[in-house]
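This is final37.cif. It holds mmCIF, C-alpha atoms.
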data_input
#
loop_
_atom_site.label_atom_id
_atom_site.label_comp_id
_atom_site.auth_asym_id
_atom_site.auth_seq_id
_atom_site.Cartn_x
_atom_site.Cartn_y
_atom_site.Cartn_z
CA MET A 250 14.46 -27.36 -9.18
CA VAL A 251 10.91 -26.06 -8.97
CA ILE A 252 9.41 -25.02 -5.63
CA MET A 253 5.72 -24.19 -5.55
CA LEU A 254 4.47 -21.48 -3.20
CA GLN A 255 0.95 -20.95 -1.98
CA SER A 256 -0.04 -17.63 -0.43
CA HIS A 257 -1.17 -17.40 3.19
CA SER A 258 -1.12 -15.04 6.13
CA PHE A 259 0.92 -16.99 8.66
CA GLY A 260 3.74 -14.42 8.87
CA ALA A 261 6.48 -16.39 10.62
CA GLY A 262 5.76 -19.44 8.49
CA LEU A 263 5.97 -17.42 5.30
CA ALA A 264 9.35 -16.02 6.32
CA LYS A 265 10.52 -19.58 7.00
CA LEU A 266 9.27 -20.66 3.58
CA ILE A 267 11.12 -17.82 1.84
CA VAL A 268 14.32 -18.80 3.66
CA LEU A 269 13.81 -22.38 2.51
CA VAL A 270 13.38 -21.30 -1.12
CA VAL A 271 16.58 -19.24 -0.98
CA ALA A 272 18.49 -22.07 0.70
CA CYS A 273 17.29 -24.68 -1.77
CA THR A 274 18.18 -22.36 -4.65
CA LEU A 275 21.70 -21.61 -3.46
CA PHE A 276 22.48 -25.12 -2.21
CA THR A 277 21.47 -28.18 -4.19
CA THR A 278 21.98 -30.93 -1.61
CA ARG A 279 18.83 -32.95 -1.09
CA GLU A 280 19.60 -33.26 2.62
CA LEU A 281 19.38 -29.49 3.19
CA CYS A 282 16.02 -29.13 1.47
CA SER A 283 14.43 -32.19 3.01
CA ALA A 284 15.68 -31.37 6.50
CA GLN A 285 14.16 -27.89 6.42
CA GLN A 286 10.90 -28.59 4.61
CA TYR A 287 8.18 -26.10 5.45
CA ARG A 288 5.42 -27.40 7.73
CA TRP A 289 1.97 -26.03 7.04
CA PRO A 290 0.15 -25.01 10.26
CA THR A 291 -2.92 -26.57 11.78
CA LEU A 292 -6.16 -24.62 11.91
CA ALA A 293 -5.76 -24.42 15.71
CA GLU A 294 -2.36 -22.74 15.35
CA VAL A 295 -3.76 -20.11 12.98
CA LEU A 296 -6.69 -19.43 15.31
CA ARG A 297 -4.35 -19.01 18.28
CA GLN A 298 -2.08 -16.64 16.36
CA ASN A 299 -5.15 -14.50 15.59
CA SER A 300 -6.40 -14.64 19.21
CA VAL A 301 -9.57 -16.46 18.17
CA HIS A 302 -10.82 -18.97 20.70
CA PHE A 303 -13.50 -21.61 21.13
CA PRO A 304 -14.31 -22.64 17.55
CA PRO A 305 -17.29 -24.95 17.02
CA ALA A 306 -16.80 -28.45 18.40
CA ASP A 307 -17.51 -30.04 15.02
CA VAL A 308 -14.71 -28.10 13.28
CA ASP A 309 -11.51 -30.11 12.91
CA THR A 310 -8.97 -27.68 14.37
CA ALA A 311 -6.24 -30.34 14.29
CA MET A 312 -6.44 -30.31 10.49
CA THR A 313 -3.25 -29.18 8.75
CA ILE A 314 -4.32 -26.45 6.33
CA THR A 315 -2.88 -24.95 3.16
CA SER A 316 -3.55 -22.14 0.67
CA PHE A 317 -5.30 -20.02 3.25
CA GLU A 318 -5.82 -16.39 4.16
CA VAL A 319 -7.55 -14.65 7.03
CA VAL A 320 -9.50 -11.47 7.77
CA ASN A 321 -9.11 -10.33 11.37
CA GLU A 322 -10.74 -7.02 12.25
CA PRO A 323 -12.71 -5.68 15.25
CA PRO A 324 -16.13 -6.95 14.13
CA GLN A 325 -15.12 -10.33 12.75
CA PHE A 326 -12.61 -13.04 11.97
CA ALA A 327 -12.81 -15.11 8.80
CA ILE A 328 -10.61 -17.68 7.10
CA ALA A 329 -10.69 -19.58 3.80
CA TYR A 330 -8.53 -22.71 3.57
CA TYR A 331 -8.00 -26.21 2.22
CA ARG A 332 -6.95 -29.39 3.98
CA ASP A 333 -3.28 -30.10 3.33
CA SER A 334 -3.14 -33.29 1.26
CA GLY A 335 0.64 -33.62 1.52
CA THR A 336 1.06 -32.74 -2.16
CA ASP A 337 1.03 -29.54 -4.23
CA ALA A 338 -2.50 -30.34 -5.40
CA LEU A 339 -5.45 -28.61 -3.75
CA LYS A 340 -8.30 -30.98 -3.07
CA PRO A 341 -11.86 -29.74 -2.47
CA PRO A 342 -13.74 -28.74 -0.48
CA LEU A 343 -12.75 -25.15 0.16
CA TYR A 344 -13.54 -24.41 3.81
CA VAL A 345 -14.75 -20.98 4.97
CA LEU A 346 -15.22 -20.01 8.63
CA ARG A 347 -16.47 -16.70 10.01
CA TYR A 348 -16.71 -15.58 13.62
CA ASP A 349 -18.98 -12.65 14.52
CA LYS A 350 -17.16 -11.16 17.51
CA SER A 351 -20.09 -9.03 18.71
CA ALA A 352 -22.64 -11.84 18.60
CA GLN A 353 -20.00 -14.47 19.54
CA ARG A 354 -21.35 -16.68 16.79
CA TRP A 355 -19.62 -18.92 14.28
CA TYR A 356 -20.62 -19.56 10.66
CA ARG A 357 -19.16 -22.23 8.42
CA ARG A 358 -19.52 -23.64 4.93
CA GLU A 359 -17.73 -26.01 2.61
CA ILE A 360 -17.58 -25.28 -1.12
CA SER A 361 -17.39 -28.45 -3.19
CA GLU A 362 -16.06 -28.91 -6.71
CA GLY A 363 -18.61 -27.73 -9.28
CA GLU A 364 -20.78 -26.03 -6.65
CA VAL A 365 -19.97 -22.43 -7.68
CA LYS A 366 -19.25 -21.31 -11.24
CA ALA A 367 -18.71 -17.90 -12.82
CA PRO A 368 -19.03 -16.73 -16.44
CA PHE A 369 -15.67 -16.37 -18.21
CA THR A 370 -16.14 -13.82 -21.01
CA ALA A 371 -12.61 -13.05 -22.24
CA GLY A 372 -12.11 -13.29 -26.01
CA LEU A 373 -15.79 -13.87 -26.81
CA THR A 374 -17.50 -12.43 -29.84
CA PRO A 375 -20.82 -10.59 -29.40
CA GLY A 376 -23.63 -13.05 -28.72
CA GLN A 377 -21.29 -15.92 -27.83
CA GLU A 378 -22.20 -17.80 -24.66
CA PRO A 379 -19.69 -17.40 -21.80
CA LEU A 380 -17.79 -20.37 -20.45
CA MET A 381 -18.86 -21.26 -16.91
CA VAL A 382 -15.67 -21.79 -14.89
CA ASP A 383 -15.45 -23.73 -11.62
CA CYS A 384 -14.50 -21.50 -8.68
CA LEU A 385 -11.85 -23.61 -6.98
CA GLY A 386 -8.18 -22.72 -6.59
CA SER A 387 -5.76 -21.22 -4.07
CA ALA A 388 -7.80 -18.82 -1.95
CA THR A 389 -7.67 -15.23 -0.74
CA ILE A 390 -10.31 -13.49 1.37
CA SER A 391 -11.23 -9.87 2.11
CA ALA A 392 -14.12 -7.97 3.71
CA VAL A 393 -16.13 -5.31 1.89
CA ALA A 394 -19.34 -3.59 3.06
CA GLY A 395 -20.56 -6.40 5.30
CA SER A 396 -19.71 -9.12 2.79
CA LEU A 397 -16.75 -11.44 2.30
CA LEU A 398 -14.99 -11.76 -1.04
CA VAL A 399 -13.37 -15.17 -1.49
CA SER A 400 -11.20 -15.24 -4.61
CA THR A 401 -9.71 -18.41 -6.06
CA HIS A 402 -6.66 -18.31 -8.31
CA LEU A 403 -7.23 -20.10 -11.64
CA SER A 404 -4.26 -18.85 -13.70
CA PRO A 405 -1.88 -15.86 -13.67
CA SER A 406 -4.58 -13.92 -15.55
CA ALA A 407 -7.79 -15.39 -14.15
CA GLU A 408 -9.56 -15.64 -10.81
CA CYS A 409 -13.06 -16.42 -9.63
CA THR A 410 -14.49 -14.28 -6.83
CA MET A 411 -17.39 -15.41 -4.68
CA ILE A 412 -19.38 -12.83 -2.72
CA LEU A 413 -20.60 -14.29 0.56
CA GLY A 414 -23.01 -12.69 3.01
CA SER A 415 -22.34 -12.39 6.73
CA ASP A 416 -23.92 -15.84 7.18
CA LEU A 417 -21.66 -17.18 4.36
CA ARG A 418 -24.61 -17.53 2.01
CA LEU A 419 -23.49 -17.22 -1.62
CA LEU A 420 -24.74 -13.92 -3.05
CA SER A 421 -23.04 -14.06 -6.44
CA ALA A 422 -19.80 -14.93 -8.23
CA PHE A 423 -17.84 -13.28 -11.01
CA SER A 424 -14.76 -14.03 -13.08
CA GLY A 425 -12.07 -11.59 -11.98
CA TRP A 426 -10.87 -9.94 -8.79
CA LYS A 427 -11.28 -6.77 -6.72
CA VAL A 428 -8.71 -4.03 -7.32
CA ALA A 429 -10.35 -1.28 -5.22
CA ALA A 430 -13.43 -0.56 -3.11
CA LEU A 431 -15.62 2.48 -2.49
CA GLY A 432 -18.13 1.61 0.21
CA SER A 433 -20.39 -1.08 -1.20
CA LYS A 434 -18.95 -0.63 -4.71
CA ILE A 435 -15.90 -2.54 -5.91
CA VAL A 436 -13.76 -2.05 -8.99
CA VAL A 437 -13.28 -5.43 -10.64
CA GLU A 438 -10.57 -6.49 -13.07
CA ARG A 439 -12.04 -9.15 -15.32
CA SER A 440 -10.20 -12.39 -16.02
CA GLU A 441 -8.35 -12.84 -19.31
CA VAL A 442 -6.96 -15.76 -21.30
CA HIS A 443 -3.42 -16.15 -20.02
CA PHE A 444 -1.81 -17.94 -22.97
CA ALA A 445 -2.77 -15.35 -25.57
CA PRO A 446 -0.69 -12.91 -27.67
CA THR A 447 -2.38 -9.90 -26.04
CA HIS A 448 -4.07 -9.15 -22.73
CA PRO A 449 -6.74 -6.44 -22.92
CA LEU A 450 -7.65 -4.70 -19.69
CA ARG A 451 -11.32 -4.77 -18.70
CA LEU A 452 -12.59 -3.09 -15.54
CA ALA A 453 -16.12 -3.11 -14.17
CA LEU A 454 -17.91 -1.46 -11.27
CA LEU A 455 -19.99 -3.80 -9.12
CA ASP A 456 -22.32 -2.65 -6.35
CA ILE A 457 -22.47 -5.46 -3.81
CA ALA A 458 -25.55 -3.98 -2.13
CA THR A 459 -27.67 -3.92 -5.30
CA GLY A 460 -25.91 -6.44 -7.53
CA ARG A 461 -25.73 -3.80 -10.29
CA GLU A 462 -22.72 -4.14 -12.56
CA ARG A 463 -21.49 -1.82 -15.31
CA ASP A 464 -18.39 -1.59 -17.48
CA LEU A 465 -15.81 1.02 -16.51
CA PHE A 466 -12.79 0.48 -18.78
CA PRO A 467 -12.29 0.73 -21.67
CA PRO A 468 -14.75 3.61 -21.89
CA VAL A 469 -16.65 4.39 -25.08
CA ASN A 470 -15.24 7.01 -27.45
CA ASP A 471 -11.80 6.93 -25.83
CA ARG A 472 -9.71 9.05 -28.21
CA PHE A 473 -6.25 8.18 -26.82
CA ARG A 474 -6.95 4.47 -26.96
CA ARG A 475 -8.38 4.80 -30.47
CA GLN A 476 -5.33 6.76 -31.67
CA PHE A 477 -2.96 4.13 -30.28
CA GLN A 478 -5.01 1.40 -31.99
CA GLN A 479 -4.75 3.24 -35.31
CA ARG A 480 -0.98 3.44 -34.98
CA LEU A 481 -0.87 -0.26 -34.12
CA ALA A 482 -2.92 -1.16 -37.20
CA ALA A 483 -0.57 0.84 -39.43
CA LEU A 484 2.50 -1.00 -38.10
CA ARG A 485 0.93 -4.49 -37.93
CA ASP A 486 3.10 -7.22 -39.51
CA ASP A 487 0.61 -9.57 -41.18
CA ASP A 488 3.26 -12.19 -42.00
CA TRP A 489 4.37 -12.25 -38.35
CA CYS A 490 0.75 -12.48 -37.23
CA ARG A 491 0.14 -15.54 -39.43
CA GLU A 492 3.38 -17.22 -38.36
CA TYR A 493 2.62 -16.78 -34.64
CA ASN A 494 -1.13 -17.37 -34.96
CA ALA A 495 -1.89 -13.94 -33.49
CA SER A 496 -5.13 -12.16 -34.29
CA CYS A 497 -3.37 -8.76 -34.32
CA ASP A 498 -6.71 -7.10 -33.67
CA PRO A 499 -6.09 -3.54 -32.39
CA GLN A 500 -9.35 -3.76 -30.42
CA GLN A 501 -7.68 -6.49 -28.36
CA MET A 502 -4.38 -4.71 -27.69
CA SER A 503 -2.65 -5.33 -24.37
CA THR A 504 -3.25 -2.79 -21.62
CA ASP A 505 -1.77 -2.93 -18.12
CA LEU A 506 -3.39 -1.49 -15.01
CA ASP A 507 -0.43 0.22 -13.33
CA LYS A 508 -2.02 2.13 -10.43
CA ILE A 509 -5.47 2.89 -9.09
CA ALA A 510 -6.77 5.36 -6.51
CA VAL A 511 -10.31 5.94 -5.25
CA ASN A 512 -12.15 8.68 -3.36
CA ALA A 513 -15.30 7.28 -1.79
CA ASP A 514 -16.64 10.70 -0.74
CA ALA A 515 -16.36 12.05 -4.27
CA GLU A 516 -17.34 8.68 -5.81
CA ALA A 517 -14.33 8.95 -8.10
CA VAL A 518 -11.76 6.52 -9.46
CA ALA A 519 -8.41 7.38 -11.07
CA ILE A 520 -6.26 4.85 -12.91
CA GLU A 521 -2.93 4.82 -14.71
CA VAL A 522 -2.70 2.39 -17.62
CA THR A 523 -0.06 1.39 -20.15
CA PHE A 524 -1.02 0.72 -23.78
CA ARG A 525 1.34 -1.95 -25.11
CA SER A 526 2.38 -2.82 -28.66
CA GLU A 527 3.20 -6.48 -27.94
CA GLY A 528 1.57 -9.11 -30.11
CA PHE A 529 1.68 -7.13 -33.37
CA GLY A 530 5.19 -7.88 -34.61
CA PRO A 531 8.71 -6.43 -34.24
CA ALA A 532 7.98 -3.22 -36.16
CA ALA A 533 5.17 -2.20 -33.82
CA GLN A 534 7.26 -2.87 -30.74
CA SER A 535 10.36 -1.04 -31.97
CA GLN A 536 8.64 1.94 -33.61
CA LEU A 537 5.60 2.42 -31.37
CA GLY A 538 6.50 0.94 -28.00
CA ASN A 539 4.20 1.73 -25.08
CA GLU A 540 2.17 4.74 -23.94
CA ASN A 541 0.99 5.73 -20.44
CA CYS A 542 -2.39 7.40 -19.92
CA PHE A 543 -4.53 8.43 -16.98
CA TYR A 544 -8.31 8.18 -16.62
CA VAL A 545 -10.43 9.90 -14.00
CA PHE A 546 -13.99 8.55 -13.58
CA LYS A 547 -16.86 10.26 -11.79
CA LEU A 548 -19.32 7.52 -10.89
CA ALA A 549 -22.40 9.53 -9.85
CA PRO A 550 -24.92 10.86 -10.57
CA ARG A 551 -23.97 9.42 -13.97
CA LEU A 552 -20.75 7.86 -15.19
CA LYS A 553 -18.39 10.27 -16.93
CA TYR A 554 -14.62 10.46 -17.39
CA ARG A 555 -11.65 12.43 -18.64
CA GLU A 556 -8.42 11.02 -20.05
CA PHE A 557 -4.91 12.49 -19.93
CA ARG A 558 -1.59 11.48 -21.36
CA LYS A 559 0.97 10.99 -18.60
CA SER A 560 3.41 13.27 -20.42
CA ASP A 561 0.82 16.08 -20.42
CA LEU A 562 0.20 15.76 -16.69
CA GLU A 563 3.92 15.76 -15.96
CA HIS A 564 4.34 18.88 -18.10
CA MET A 565 1.59 20.66 -16.12
CA PHE A 566 2.33 19.40 -12.60
CA GLY A 567 5.85 18.02 -12.68
CA THR A 568 4.62 14.58 -11.67
CA ALA A 569 1.71 12.27 -12.34
CA THR A 570 0.10 9.77 -10.00
CA PRO A 571 -3.49 8.66 -9.42
#
Can the structure from this file be put into structure tokens for me?
Amino acid sequence: MVIMLQSHSFGAGLAKLIVLVVACTLFTTRELCSAQQYRWPTLAEVLRQNSVHFPPADVDTAMTITSFEVVNEPPQFAIAYYRDSGTDALKPPLYVLRYDKSAQRWYRREISEGEVKAPFTAGLTPGQEPLMVDCLGSATISAVAGSLLVSTHLSPSAECTMILGSDLRLLSAFSGWKVAALGSKIVVERSEVHFAPTHPLRLALLDIATGRERDLFPPVNDRFRRQFQQRLAALRDDDWCREYNASCDPQQMSTDLDKIAVNADAEAVAIEVTFRSEGFGPAAQSQLGNENCFYVFKLAPRLKYREFRKSDLEHMFGTATP
């Protein structure tokens, strides 16, 4: 049995859905599952739960909605959602509503299929044109520095994030998702190809106010990363790589983002990452394994960083955390 879940912020409903998943997993009778099927809420129910009243008359509040999330904070309320089609498929448009509580004013927009695209750059060689990917999928929403970030889930390793102004005007879109924020700056994890032997980590720093974007990780001249790549290359199993159609390129080794911490006042970012030996054959995985490292970035007045092995930090301080 396969049960598909879509994320949302309707707390009681989510608890009910989790109970249903457990029940349908432990008990296989069709009657139990069909009798307790989860009912997606209407837009009106979500607005009432968030104490938001008097939506525009031309908004269909009786609509049953799915794959939605809300932002509800003192200055504003916002929601991104789809109309429930009665199936697991999400059908455009993606609806976005925002209520300015101070001005008591509503904004709305509908995002149609093909309307917003973002450049997908994972796995490209230098000079290769990026693939423009449609920004439609299950939605999440967050507020950063007077803007709304609406992210749509494309695969377990890829998202598209739209940056909308306070009037819901599209400012820009990028392939990836926000992992941290420092004022108007956000740290972005770029999308990757999910069905690939390795998953390199790529982080960027995007200033929403200016639109300026610059790469953050991997940094240039990173000695720990380079040393791990050299060890990977020495243990690479070329026969295994050919059999499993893996590039076994140390430059594309898998790296996980484990933890991240930011200090907006100091304009600093600290991350913990794991270098992984997967995708290079059994010898690399058994003899090399994984390695944890820390990076501390100072963003201004110019970008600079220091790297530390986790074992070194633990030796000095007894523990290591961003």
Can I get the residues of region 375-438 of chain A within 12 Å of region 542-558 of chain A, each with the closest pair of atoms and their distance in Å to one decimal, using all atoms listed in the file, sorted chain first then ascending number, as a Markdown table?
| residue | atom | partner | partner_atom | distance |
| --- | --- | --- | --- | --- |
| A:Leu431 | CA | A:Leu548 | CA | 10.5 |
| A:Lys434 | CA | A:Leu548 | CA | 10.2 |
| A:Ile435 | CA | A:Leu548 | CA | 11.7 |
| A:Val436 | CA | A:Leu548 | CA | 11.2 |
- Leaving out Leu481 (chain A) and any residue of its chain fewer than 3 positions from it, which residues lie within 12 Å of it when counting all atoms listed in the file, given as a ChimeraX atom specification? /A:474-478,484-487,497-503,524-540
- Query: Contacts of Pro368 (chain A) at 12 Å or less, counting all atoms listed in the file, minus same-chain residues fewer than 4 places along, as a PyMOL selection string?
  - Reply: chain A and resi 373+377-384+407-411+421-425+439-441
- Write out as a PyMOL selection string each polymer residue whose atoms come within 8 Å of Gly372 (chain A), counting all atoms listed in the file; drop sequence neighbours fewer than 2 positions from it. chain A and resi 370+374+441-442
- Point-to-point distance in Å for CA of Lys366 (chain A) and CA of Lys427 (chain A): 17.2 Å
Would you tabulate, counting only C-alpha atoms, all residues of region 323-352 of chain A that have an atom at most 12 Å from an atom of region 301-311 of chain A, showing the closest pair of atoms and their distance in Å to one decimal, sorted by chain then ascending number, as JSON lines?
{"residue": "A:Pro323", "atom": "CA", "partner": "A:Val301", "partner_atom": "CA", "distance": 11.6}
{"residue": "A:Gln325", "atom": "CA", "partner": "A:Val301", "partner_atom": "CA", "distance": 9.9}
{"residue": "A:Phe326", "atom": "CA", "partner": "A:Val301", "partner_atom": "CA", "distance": 7.7}
{"residue": "A:Ala327", "atom": "CA", "partner": "A:Val301", "partner_atom": "CA", "distance": 10.0}
{"residue": "A:Ile328", "atom": "CA", "partner": "A:Val301", "partner_atom": "CA", "distance": 11.2}
{"residue": "A:Tyr330", "atom": "CA", "partner": "A:Thr310", "partner_atom": "CA", "distance": 11.9}
{"residue": "A:Tyr331", "atom": "CA", "partner": "A:Asp309", "partner_atom": "CA", "distance": 11.9}
{"residue": "A:Arg332", "atom": "CA", "partner": "A:Asp309", "partner_atom": "CA", "distance": 10.1}
{"residue": "A:Asp333", "atom": "CA", "partner": "A:Ala311", "partner_atom": "CA", "distance": 11.4}
{"residue": "A:Tyr344", "atom": "CA", "partner": "A:Val308", "partner_atom": "CA", "distance": 10.2}
{"residue": "A:Val345", "atom": "CA", "partner": "A:Val308", "partner_atom": "CA", "distance": 10.9}
{"residue": "A:Leu346", "atom": "CA", "partner": "A:Pro304", "partner_atom": "CA", "distance": 9.3}
{"residue": "A:Arg347", "atom": "CA", "partner": "A:Pro304", "partner_atom": "CA", "distance": 9.8}
{"residue": "A:Tyr348", "atom": "CA", "partner": "A:Pro304", "partner_atom": "CA", "distance": 8.4}
{"residue": "A:Asp349", "atom": "CA", "partner": "A:Val301", "partner_atom": "CA", "distance": 10.8}
{"residue": "A:Lys350", "atom": "CA", "partner": "A:Val301", "partner_atom": "CA", "distance": 9.3}
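Between CA of Asn541 (chain A) and CA of Ser560 (chain A) lies a distance of 7.9 Å.
When the PyMOL selection byres ((chain A and resi 319) around 8) is evaluated on the file shown here, the picked residues come out as His257, Ser258, Phe317, Glu318, Val320, Asn321, Phe326, Ala327, Ile328, Ala329, Thr389, Ile390 and Ser391 of chain A.
Distances from A:Arg297, A:Leu413, A:Leu465, A:Ala392 to Ile360 (chain A) were compared using all atoms listed in the file, and the smallest one belongs to A:Leu413.
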- Task: Just give me the gap between CA of Asp464 (chain A) and CA of Ala430 (chain A) in Å, one decimal is fine.
- Result: 15.2 Å
